[in-house]
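J.: What follows is structure-v4.txt, made up of compact mmCIF, C-alpha atoms:
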```txt
# COMPACT_ATOMS: atom_id res chain seq x y z
CA MET A 1 60.95 47.95 121.72
CA ASN A 2 61.63 50.23 124.65
CA LEU A 3 64.76 51.64 126.31
CA THR A 4 64.17 53.26 129.67
CA ILE A 5 66.91 55.20 131.50
CA ARG A 6 65.82 56.05 135.04
CA LYS A 7 69.00 56.84 136.90
CA LYS A 8 70.82 60.06 136.14
CA GLY A 9 74.47 60.01 135.13
CA ILE A 10 76.88 59.08 132.35
CA LEU A 11 75.59 56.43 129.96
CA PRO A 12 77.82 53.30 129.97
CA VAL A 13 78.96 51.36 126.94
CA GLN A 14 76.01 48.95 126.76
CA GLN A 15 73.50 51.84 126.62
CA LEU A 16 75.63 53.66 124.03
CA LYS A 17 75.51 50.53 121.86
CA GLN A 18 71.74 50.37 122.24
CA LEU A 19 71.41 53.99 121.12
CA VAL A 20 73.63 53.23 118.12
CA SER A 21 71.48 50.25 117.12
CA TYR A 22 68.34 52.38 117.45
CA GLY A 23 69.75 55.29 115.45
CA VAL A 24 70.16 57.98 118.11
CA ILE A 25 73.88 57.92 117.29
CA ARG A 26 74.39 57.42 113.56
CA THR A 27 77.23 57.11 111.09
CA ASP A 28 78.05 57.47 107.41
CA ALA A 29 76.60 54.38 105.72
CA ALA A 30 79.94 53.59 104.07
CA TYR A 31 81.69 53.46 107.43
CA PRO A 32 79.77 51.25 109.91
CA PHE A 33 80.60 51.46 113.60
CA GLU A 34 83.65 49.55 114.83
CA ASP A 35 83.87 47.65 118.12
CA GLU A 36 87.04 49.50 119.15
CA GLN A 37 85.18 52.83 119.09
CA PHE A 38 83.36 51.93 122.30
CA GLN A 39 84.95 52.77 125.66
CA PRO A 40 83.37 52.11 129.09
CA ASN A 41 81.75 55.57 129.23
CA SER A 42 82.30 57.04 125.76
CA ILE A 43 82.40 56.45 122.02
CA ASP A 44 85.30 57.51 119.81
CA LEU A 45 84.34 59.78 116.92
CA ARG A 46 85.98 59.39 113.51
CA LEU A 47 87.27 61.87 110.95
CA GLY A 48 85.19 62.13 107.79
CA ARG A 49 86.14 62.33 104.13
CA VAL A 50 87.33 65.92 103.69
CA ALA A 51 89.24 68.64 105.56
CA TYR A 52 88.63 72.37 105.16
CA ARG A 53 91.42 74.81 105.92
CA VAL A 54 89.72 77.92 107.28
CA ARG A 55 90.94 81.40 108.17
CA CYS A 56 90.09 81.08 111.87
CA GLY A 57 88.13 79.14 114.45
CA PHE A 58 84.50 80.09 115.04
CA LEU A 59 81.25 79.40 116.87
CA PRO A 60 78.21 79.34 114.54
CA GLU A 61 75.65 80.64 117.03
CA ASN A 62 73.25 81.89 114.36
CA GLU A 63 73.90 79.53 111.44
CA THR A 64 75.15 76.12 110.43
CA VAL A 65 78.78 75.07 110.47
CA GLU A 66 78.58 74.49 106.73
CA ALA A 67 77.53 78.12 106.18
CA LYS A 68 80.49 79.33 108.24
CA ILE A 69 82.86 77.07 106.28
CA ASN A 70 81.59 78.55 103.01
CA LYS A 71 82.55 82.02 104.27
CA LEU A 72 85.94 81.16 105.74
CA CYS A 73 87.31 78.25 103.69
CA GLN A 74 90.70 78.82 102.03
CA HIS A 75 91.24 75.30 100.74
CA GLU A 76 89.58 71.90 100.92
CA PHE A 77 91.04 68.46 100.27
CA SER A 78 90.13 64.81 100.60
CA ILE A 79 91.64 62.79 103.45
CA GLU A 80 90.23 59.43 102.37
CA GLU A 81 93.72 58.43 101.23
CA GLY A 82 95.40 60.63 103.83
CA GLY A 83 96.32 64.31 104.06
CA VAL A 84 98.76 66.50 106.01
CA LEU A 85 97.62 69.19 108.45
CA GLU A 86 100.23 71.90 108.96
CA PRO A 87 101.13 73.37 112.38
CA ASN A 88 99.19 76.42 113.59
CA CYS A 89 96.70 76.21 110.72
CA THR A 90 93.00 75.78 111.49
CA TYR A 91 91.06 72.94 109.88
CA ILE A 92 87.40 71.93 110.11
CA ILE A 93 86.73 68.23 109.49
CA PRO A 94 83.17 66.82 109.34
CA LEU A 95 82.95 63.64 111.41
CA LEU A 96 81.44 60.35 110.25
CA GLU A 97 79.02 60.29 113.18
CA HIS A 98 76.00 62.51 113.80
CA LEU A 99 73.37 62.70 116.52
CA ILE A 100 69.58 62.59 116.77
CA LEU A 101 69.14 63.39 120.48
CA PRO A 102 65.66 63.23 122.05
CA GLU A 103 63.80 66.52 122.44
CA THR A 104 61.66 65.29 125.32
CA THR A 105 61.90 62.71 128.08
CA SER A 106 59.83 60.29 126.01
CA GLN A 107 60.36 59.94 122.28
CA THR A 108 59.78 57.36 119.55
CA TYR A 109 62.42 56.61 116.93
CA ALA A 110 62.39 54.70 113.67
CA LEU A 111 64.97 51.93 113.81
CA THR A 112 67.98 52.22 111.49
CA ASP A 113 68.72 48.49 111.26
CA GLY A 114 66.46 48.00 108.25
CA SER A 115 63.72 46.26 110.22
CA GLY A 116 61.25 49.07 109.67
CA GLY A 117 60.22 49.03 113.33
CA GLU A 118 60.31 51.66 116.07
CA PHE A 119 61.54 51.96 119.63
CA ALA A 120 60.65 54.28 122.50
CA LEU A 121 63.33 56.02 124.56
CA GLU A 122 62.05 57.07 127.98
CA THR A 123 64.10 59.12 130.45
CA GLU A 124 63.43 61.20 133.53
CA SER A 125 65.77 63.98 132.34
CA ARG A 126 66.88 65.07 128.90
CA ILE A 127 70.07 63.67 127.39
CA SER A 128 72.96 65.98 126.52
CA ALA A 129 76.45 65.21 125.23
CA ARG A 130 79.99 66.39 125.75
CA THR A 131 83.20 65.69 123.86
CA ASN A 132 86.89 65.82 124.68
CA PRO A 133 90.16 65.08 122.85
CA LYS A 134 91.50 61.56 123.21
CA SER A 135 94.66 61.04 125.27
CA THR A 136 96.80 60.48 122.18
CA THR A 137 95.53 63.73 120.65
CA GLY A 138 96.59 65.76 123.66
CA ARG A 139 100.01 64.15 123.91
CA LEU A 140 100.75 65.06 120.28
CA ASP A 141 99.88 68.70 121.00
CA ILE A 142 96.90 68.63 118.64
CA PHE A 143 94.31 71.19 119.68
CA THR A 144 90.78 69.98 118.90
CA ARG A 145 87.26 71.00 119.83
CA LEU A 146 83.85 69.93 118.59
CA VAL A 147 81.57 72.37 116.77
CA THR A 148 77.85 71.90 116.09
CA ASP A 149 75.23 73.87 114.19
CA TYR A 150 73.74 76.95 115.90
CA SER A 151 75.93 76.49 118.98
CA HIS A 152 77.52 79.12 121.23
CA ARG A 153 79.79 76.62 123.03
CA PHE A 154 82.51 74.23 121.97
CA GLU A 155 82.47 70.56 123.04
CA GLU A 156 78.93 70.68 124.50
CA ILE A 157 75.87 69.35 122.68
CA ALA A 158 72.47 70.45 123.96
CA PRO A 159 69.50 68.11 124.48
CA GLY A 160 67.44 67.73 121.32
CA TYR A 161 70.33 68.41 118.92
CA LYS A 162 69.81 66.77 115.56
CA GLY A 163 72.58 67.15 113.07
CA PRO A 164 76.18 66.67 111.99
CA LEU A 165 79.31 66.94 114.10
CA PHE A 166 82.45 68.85 113.08
CA LEU A 167 85.92 68.90 114.59
CA GLU A 168 88.18 71.93 114.65
CA VAL A 169 91.77 70.67 114.45
CA VAL A 170 94.91 72.77 114.98
CA PRO A 171 98.24 70.89 115.15
CA LYS A 172 100.56 72.94 117.34
CA SER A 173 104.02 71.35 117.52
CA PHE A 174 104.17 68.95 114.56
CA PRO A 175 102.56 68.47 111.14
CA ILE A 176 100.27 65.44 111.26
CA ARG A 177 99.02 63.09 108.59
CA VAL A 178 95.38 62.14 109.10
CA GLN A 179 92.99 59.83 107.27
CA THR A 180 89.27 59.13 107.18
CA GLY A 181 88.21 56.94 110.08
CA GLN A 182 90.93 57.99 112.51
CA LYS A 183 89.87 59.03 116.00
CA LEU A 184 90.92 62.30 117.62
CA ASN A 185 88.07 62.90 120.06
CA GLN A 186 85.41 61.05 122.03
CA LEU A 187 81.80 61.59 123.04
CA ARG A 188 79.92 61.05 126.30
CA LEU A 189 76.16 61.11 126.74
CA ARG A 190 74.79 62.44 130.01
CA HIS A 191 71.33 61.86 131.49
CA GLY A 192 70.73 64.88 133.71
CA ASN A 193 73.54 66.23 135.87
CA THR A 194 75.11 64.01 138.53
CA ARG A 195 78.42 65.69 139.28
CA LEU A 196 79.52 64.59 142.75
CA SER A 197 79.88 67.17 145.50
CA ASP A 198 83.11 67.36 147.49
CA GLU A 199 81.43 65.46 150.32
CA GLU A 200 80.30 62.74 147.93
CA VAL A 201 83.82 62.43 146.49
CA ARG A 202 85.23 62.03 150.00
CA ALA A 203 82.63 59.37 150.81
CA ALA A 204 83.32 57.52 147.53
CA HIS A 205 87.06 57.57 148.31
CA ALA A 206 86.37 56.14 151.77
CA ARG A 207 84.52 53.18 150.19
CA THR A 208 86.86 52.57 147.24
CA PRO A 209 90.08 54.62 147.26
CA ILE A 210 90.37 57.01 144.32
CA LEU A 211 93.64 58.79 145.08
CA PHE A 212 96.99 57.27 146.03
CA GLY A 213 100.41 58.58 147.01
CA GLU A 214 103.60 58.11 145.00
CA GLY A 215 104.22 54.75 146.68
CA GLY A 216 100.76 53.44 145.89
CA GLU A 217 99.29 53.95 149.37
CA ALA A 218 95.73 55.27 149.58
CA ILE A 219 95.62 58.91 150.69
CA ALA A 220 93.69 59.46 153.92
CA ASP A 221 90.18 60.86 153.51
CA ALA A 222 91.07 63.94 155.55
CA ASP A 223 94.08 64.69 153.33
CA LEU A 224 92.14 64.97 150.07
CA LYS A 225 92.34 68.49 148.59
CA LEU A 226 88.78 69.28 147.62
CA GLY A 227 87.24 72.50 146.35
CA ASN A 228 84.53 71.92 143.75
CA GLY A 229 86.75 69.07 142.50
CA LEU A 230 89.65 66.89 143.61
CA PHE A 231 92.98 68.69 143.26
CA MET A 232 96.17 66.94 142.19
CA SER A 233 99.77 68.11 141.79
CA VAL A 234 102.70 67.83 139.38
CA ASP A 235 105.74 65.60 139.87
CA LEU A 236 109.12 67.26 139.26
CA GLN A 237 111.23 64.68 141.09
CA GLY A 238 110.83 61.68 138.78
CA GLY A 239 112.00 58.11 139.37
CA GLU A 240 115.45 56.66 139.65
CA ASP A 241 116.47 58.00 136.24
CA GLY A 242 115.36 61.52 137.22
CA LEU A 243 113.18 61.92 134.10
CA ILE A 244 110.29 64.30 134.86
CA GLY A 245 108.97 65.28 131.44
CA TYR A 246 109.46 66.13 127.80
CA ARG A 247 109.50 69.36 125.81
CA ALA A 248 108.49 69.33 122.14
CA ARG A 249 111.33 70.18 119.79
CA LYS A 250 110.85 72.88 117.19
CA ASN A 251 110.53 70.23 114.52
CA ARG A 252 108.58 70.06 111.30
CA ALA A 253 108.81 66.30 110.60
CA VAL A 254 105.37 64.82 109.87
CA ILE A 255 103.77 62.38 112.32
CA ASP A 256 101.55 59.86 110.57
CA LEU A 257 98.76 58.92 112.98
CA SER A 258 98.53 55.44 111.44
CA LEU A 259 102.08 54.51 112.54
CA ILE A 260 102.13 53.03 116.07
CA GLY A 261 105.39 52.55 117.98
CA TYR A 262 107.24 53.88 114.95
CA TYR A 263 108.99 57.17 115.73
CA ASP A 264 112.19 57.83 117.67
CA PRO A 265 111.01 59.95 120.61
CA PHE A 266 114.23 61.95 120.82
CA SER A 267 113.77 63.24 117.27
CA PHE A 268 110.62 65.01 118.45
CA TRP A 269 111.06 65.47 122.19
CA GLU A 270 113.74 66.84 124.49
CA PRO A 271 113.80 64.90 127.80
CA ILE A 272 113.68 66.99 130.98
CA TYR A 273 115.35 65.80 134.17
CA ALA A 274 114.83 66.76 137.80
CA GLN A 275 116.54 69.97 138.84
CA ARG A 276 118.46 70.47 142.07
CA GLU A 277 116.07 73.29 143.04
CA ASP A 278 112.90 71.16 142.59
CA PHE A 279 111.36 73.67 140.20
CA ILE A 280 111.29 74.38 136.49
CA ILE A 281 110.61 77.56 134.53
CA LEU A 282 108.30 76.99 131.59
CA GLU A 283 109.11 78.86 128.39
CA PRO A 284 106.20 80.83 126.87
CA GLU A 285 104.29 78.83 124.24
CA ALA A 286 106.58 75.79 124.55
CA PHE A 287 104.75 72.45 124.92
CA TYR A 288 105.57 70.07 127.79
CA ILE A 289 104.53 66.61 128.95
CA PHE A 290 104.58 65.98 132.73
CA ALA A 291 102.90 63.52 135.10
CA SER A 292 100.92 63.93 138.29
CA LYS A 293 102.58 63.26 141.62
CA GLU A 294 99.54 61.35 142.89
CA ARG A 295 98.03 58.28 141.28
CA CYS A 296 94.31 57.88 140.68
CA ARG A 297 91.84 55.06 140.15
CA ILE A 298 88.32 55.47 138.78
CA PRO A 299 85.83 53.02 140.36
CA ASP A 300 83.47 51.21 138.00
CA HIS A 301 80.44 53.18 139.21
CA LEU A 302 82.06 56.55 138.41
CA ALA A 303 83.55 58.44 135.47
CA GLY A 304 86.12 61.20 135.86
CA GLU A 305 87.09 64.34 133.98
CA MET A 306 89.94 66.82 134.30
CA VAL A 307 88.40 70.30 134.26
CA PRO A 308 89.83 73.47 132.67
CA TYR A 309 92.54 75.03 134.78
CA ASP A 310 91.71 78.17 136.75
CA THR A 311 93.70 81.02 135.19
CA GLY A 312 93.69 82.69 138.60
CA SER A 313 96.37 80.13 139.50
CA GLY A 314 98.58 80.90 136.49
CA GLU A 315 98.37 81.60 132.77
CA LEU A 316 98.92 78.05 131.60
CA ARG A 317 96.96 75.17 130.13
CA THR A 318 97.54 71.92 131.97
CA HIS A 319 95.76 69.41 129.76
CA TYR A 320 94.01 68.88 126.47
CA ALA A 321 92.48 65.43 127.01
CA GLY A 322 90.21 65.13 130.01
CA PHE A 323 88.04 61.98 130.15
CA PHE A 324 88.89 59.16 132.56
CA ASP A 325 86.79 56.06 131.95
CA SER A 326 85.57 53.68 134.63
CA GLY A 327 88.38 51.30 135.58
CA PHE A 328 91.24 53.67 134.75
CA GLY A 329 94.15 52.92 137.08
CA ALA A 330 92.50 49.74 138.36
CA ASN A 331 95.86 48.07 138.96
CA PRO A 332 97.07 48.24 142.60
CA GLY A 333 98.07 51.77 143.52
CA GLY A 334 96.38 53.50 140.59
CA ALA A 335 97.98 55.31 137.63
CA ARG A 336 99.37 58.78 137.10
CA ALA A 337 97.57 61.42 135.07
CA VAL A 338 99.69 62.70 132.17
CA LEU A 339 99.61 66.47 131.76
CA GLU A 340 99.92 68.40 128.51
CA VAL A 341 101.17 71.83 129.50
CA ARG A 342 101.67 75.16 127.75
CA SER A 343 102.47 78.46 129.47
CA HIS A 344 101.03 81.56 127.80
CA ASP A 345 102.56 85.01 127.41
CA VAL A 346 105.23 84.92 130.13
CA PRO A 347 107.74 82.44 131.62
CA PHE A 348 106.13 80.59 134.53
CA LEU A 349 107.74 78.86 137.49
CA VAL A 350 106.35 75.47 138.54
CA GLU A 351 107.50 73.71 141.72
CA ASP A 352 107.45 70.03 142.62
CA GLY A 353 104.14 69.17 144.29
CA GLN A 354 102.43 72.36 143.11
CA THR A 355 98.65 72.02 142.76
CA PHE A 356 98.16 71.78 139.04
CA PHE A 357 94.68 70.58 138.09
CA SER A 358 91.44 69.18 139.46
CA MET A 359 89.30 66.17 138.71
CA VAL A 360 85.50 66.04 138.86
CA PHE A 361 83.42 62.87 139.00
CA GLU A 362 79.97 61.74 137.88
CA SER A 363 78.08 58.56 138.56
CA ASN A 364 77.11 56.17 135.77
CA THR A 365 73.50 55.30 134.99
CA ALA A 366 74.60 51.64 135.28
CA LEU A 367 77.84 49.74 135.76
CA PRO A 368 79.67 49.47 132.40
CA GLU A 369 79.76 45.93 131.02
CA THR A 370 83.48 46.49 130.31
CA SER A 371 85.94 48.70 132.17
CA TYR A 372 89.12 50.48 131.09
CA GLY A 373 92.02 48.08 130.69
CA SER A 374 89.74 45.06 131.21
CA GLY A 375 87.95 44.04 128.03
CA VAL A 376 89.01 47.36 126.46
CA VAL A 377 92.40 47.59 124.74
CA SER A 378 94.38 50.40 126.39
CA ASN A 379 97.71 52.04 125.62
CA TYR A 380 97.77 53.99 128.86
CA GLN A 381 96.42 51.76 131.64
CA GLY A 382 98.73 51.73 134.65
CA GLN A 383 100.75 54.54 133.10
CA ASN A 384 103.51 56.66 134.51
CA LEU A 385 105.07 59.42 132.42
CA LYS A 386 104.37 58.34 128.84
CA LEU A 387 104.37 59.82 125.35
CA SER A 388 101.74 58.97 122.76
CA LYS A 389 101.53 55.47 121.30
CA HIS A 390 103.21 56.60 118.06
CA PHE A 391 106.67 56.67 119.67
CA LYS A 392 108.96 53.78 120.45
CA PRO A 393 109.19 52.99 124.18
```
Here is the file; what I need is its structure written in the form of structure tokens.

T.:
Amino acid sequence: MNLTIRKKGILPVQQLKQLVSYGVIRTDAAYPFEDEQFQPNSIDLRLGRVAYRVRCGFLPENETVEAKINKLCQHEFSIEEGGVLEPNCTYIIPLLEHLILPETTSQTYALTDGSGGEFALETESRISARTNPKSTTGRLDIFTRLVTDYSHRFEEIAPGYKGPLFLEVVPKSFPIRVQTGQKLNQLRLRHGNTRLSDEEVRAAHARTPILFGEGGEAIADADLKLGNGLFMSVDLQGGEDGLIGYRARKNRAVIDLSLIGYYDPFSFWEPIYAQREDFIILEPEAFYIFASKERCRIPDHLAGEMVPYDTGSGELRTHYAGFFDSGFGANPGGARAVLEVRSHDVPFLVEDGQTFFSMVFESNTALPETSYGSGVVSNYQGQNLKLSKHFKP
């Protein structure tokens, strides 16, 4: 058998499934892959059997993650029946999935389906991977980042990597109860580098509008704010009820990630309403949920990602979760981006309409056979300001 990937870009769901069936992406034998792991441009990764509480985060540039854990571990415990992670403590959790990425542009693999056969993967460029927290993870103020053996960077997996995957997890606002098989982050595979230039983003918007105003009208091509990415702003006016965001309460009640639509939001969150002055002052190290003023829509031939905020524009983090799958916001007028915000060190003033983050885009190697919100169950399609799925509406 042969799988050939000619076009550069993000691999869509059907090619991810092929790589799973061939054994490029593998899993613990006791936990086979689940259909709901697959998104249009990504695959959800699952927590493994045990959690290690460690003294600090790390990058294992010159050794394995396991060797680092052996040096730094304070306590280990099984999460197969569930376990609680305490706020501001650092945990390393091996994931159920691991990778066998190709070293060259043409490589033969032994099949993992028990058939005893082989398949050839042929590409024009080498395949790398990148991970990001899932939307729910960011909205619960859970800081996560992927770690791999002999790596000097978080979240990025170099071509040719063969080995296990580990997740650093630091709950910030609330204790969380986790269990084997739950999903906190997601993985994308990339064939080469196909990030769109500003001119290409403008041309793509002209063909299929990507960005919309508050009323759902497409923003004119000339009015797009571009600068190595598409810039978007924060909404501090809100709708008719004046609600513009939420601030996490200083609360130590446990959130069980298995309970959906269960918790009273006001036990964990303080609602924030529009101010007469159209600005808000963020408290240092407090955690906020806001929404973008603009609405966005990701065409089926593209995938989007929110990029790390430029600290030259303020000492604050504006998001944790960054992937936008093909089809996000496909309803008329698009959907808002939800922002997870923390100001560092000093109080920081934010005004309505202030430029707050940027979005970059990449093409897909092929159109995904399913798109976000269509054939894929979604908690956040067509969203406005919204907390995680664990809270009652």

J.: Against stretch 259-275 of chain A, which residues of stretch 75-142 of chain A fall within 12 Å? For each one I want the closest pair of atoms and the distance in Å (one decimal), counting all atoms listed in the file, rows by chain and increasing residue number, as a tab-separated table.

T.:
```
residue	atom	partner	partner_atom	distance
A:Thr136	CA	A:Ile260	CA	11.0
A:Arg139	CA	A:Trp269	CA	11.3
A:Leu140	CA	A:Phe268	CA	10.0
A:Asp141	CA	A:Phe268	CA	11.6
```

J.: Select, from A:Val20, A:Asn384, A:Lys250, A:Glu97, the residue with the minimum atom-to-atom distance to A:Leu111, counting all atoms listed in the file.

T.: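 Looking at the shortest contact to A:Leu111, the residue is A:Val20.
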
J.: Which one is closest to A:Leu85: A:Glu168, A:Glu340, A:Asp345, A:Asp300? Count only C-alpha atoms.

T.: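 When distances to A:Leu85 are compared using only C-alpha atoms, the smallest one comes from A:Glu168.
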
J.: Just how far from atom CA of A:Ser197 is atom CA of A:Thr144, in Å to one decimal?

T.: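 Between atom CA of A:Thr144 and atom CA of A:Ser197 the gap works out to 28.9 Å.
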
J.: I need every residue sitting at most 12 Å from the point (93.3, 64.1, 100.4) (coordinates as in the file, all atoms listed in the file considered), written as a PyMOL selection string.

T.: chain A and resi 48-52+75-85+93+177-180

J.: Given all atoms listed in the file as the basis, pick out the residue of A:Ala248, A:Ala203, A:Ile210, A:Ile69 nearest to A:Arg297.

T.: A:Ile210

J.: Looking at only C-alpha atoms, which of A:Thr90, A:Ser358, A:Gln18, A:Asn132 is the one that sits closest to A:Leu224?

T.: A:Ser358

J.: Could you check which of A:Leu72, A:Asn331, A:Thr365, A:Val24 is closest to A:Phe58, using only C-alpha atoms?

T.: A:Leu72

J.: Which distance in Å separates atom CA of A:Met359 and atom CA of A:Thr208, to one decimal?

T.: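 Rounded to one decimal, the two atoms are 16.2 Å apart.
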
J.: Using all atoms listed in the file, find the one residue out of A:Leu47, A:Val360, A:Leu11, A:Ile100 that sits nearest to A:Val201.

T.: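 Result for the nearest residue to A:Val201: A:Val360.
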
J.: Which distance in Å separates atom CA of A:Leu302 and atom CA of A:Phe361, to one decimal?

T.: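 So the answer is 6.5 Å.
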
J.: Write out as a ChimeraX atom specification the residues lying within 10 Å of A:Ile298, counting all atoms listed in the file and excluding same-chain residues fewer than 3 positions away.

T.: /A:205,208-211,301-304,324-330,334-335,361,371-372

J.: Identify, on the basis of all atoms listed in the file, every residue whose closest approach to A:Cys73 does not exceed 7 Å; exclude the query and any residue fewer than 6 positions from it along the same chain; express the result as an MDAnalysis selection string.

T.: chainID A and resid 52:55

J.: Show me, as JSON, numbers by chain, the residues that have an atom within 8 Å of A:Ala337 when counting all atoms listed in the file, minus same-chain residues fewer than 6 positions from it.

T.: {"A": [291, 292, 295, 296, 383, 384]}

J.: Do a neighbour search on A:Gln14 at 9 Å with all atoms listed in the file, toss out local chain neighbours closer than 4 positions, and write the hits as number ranges by chain.

T.: A: 18-19, 40, 368-370
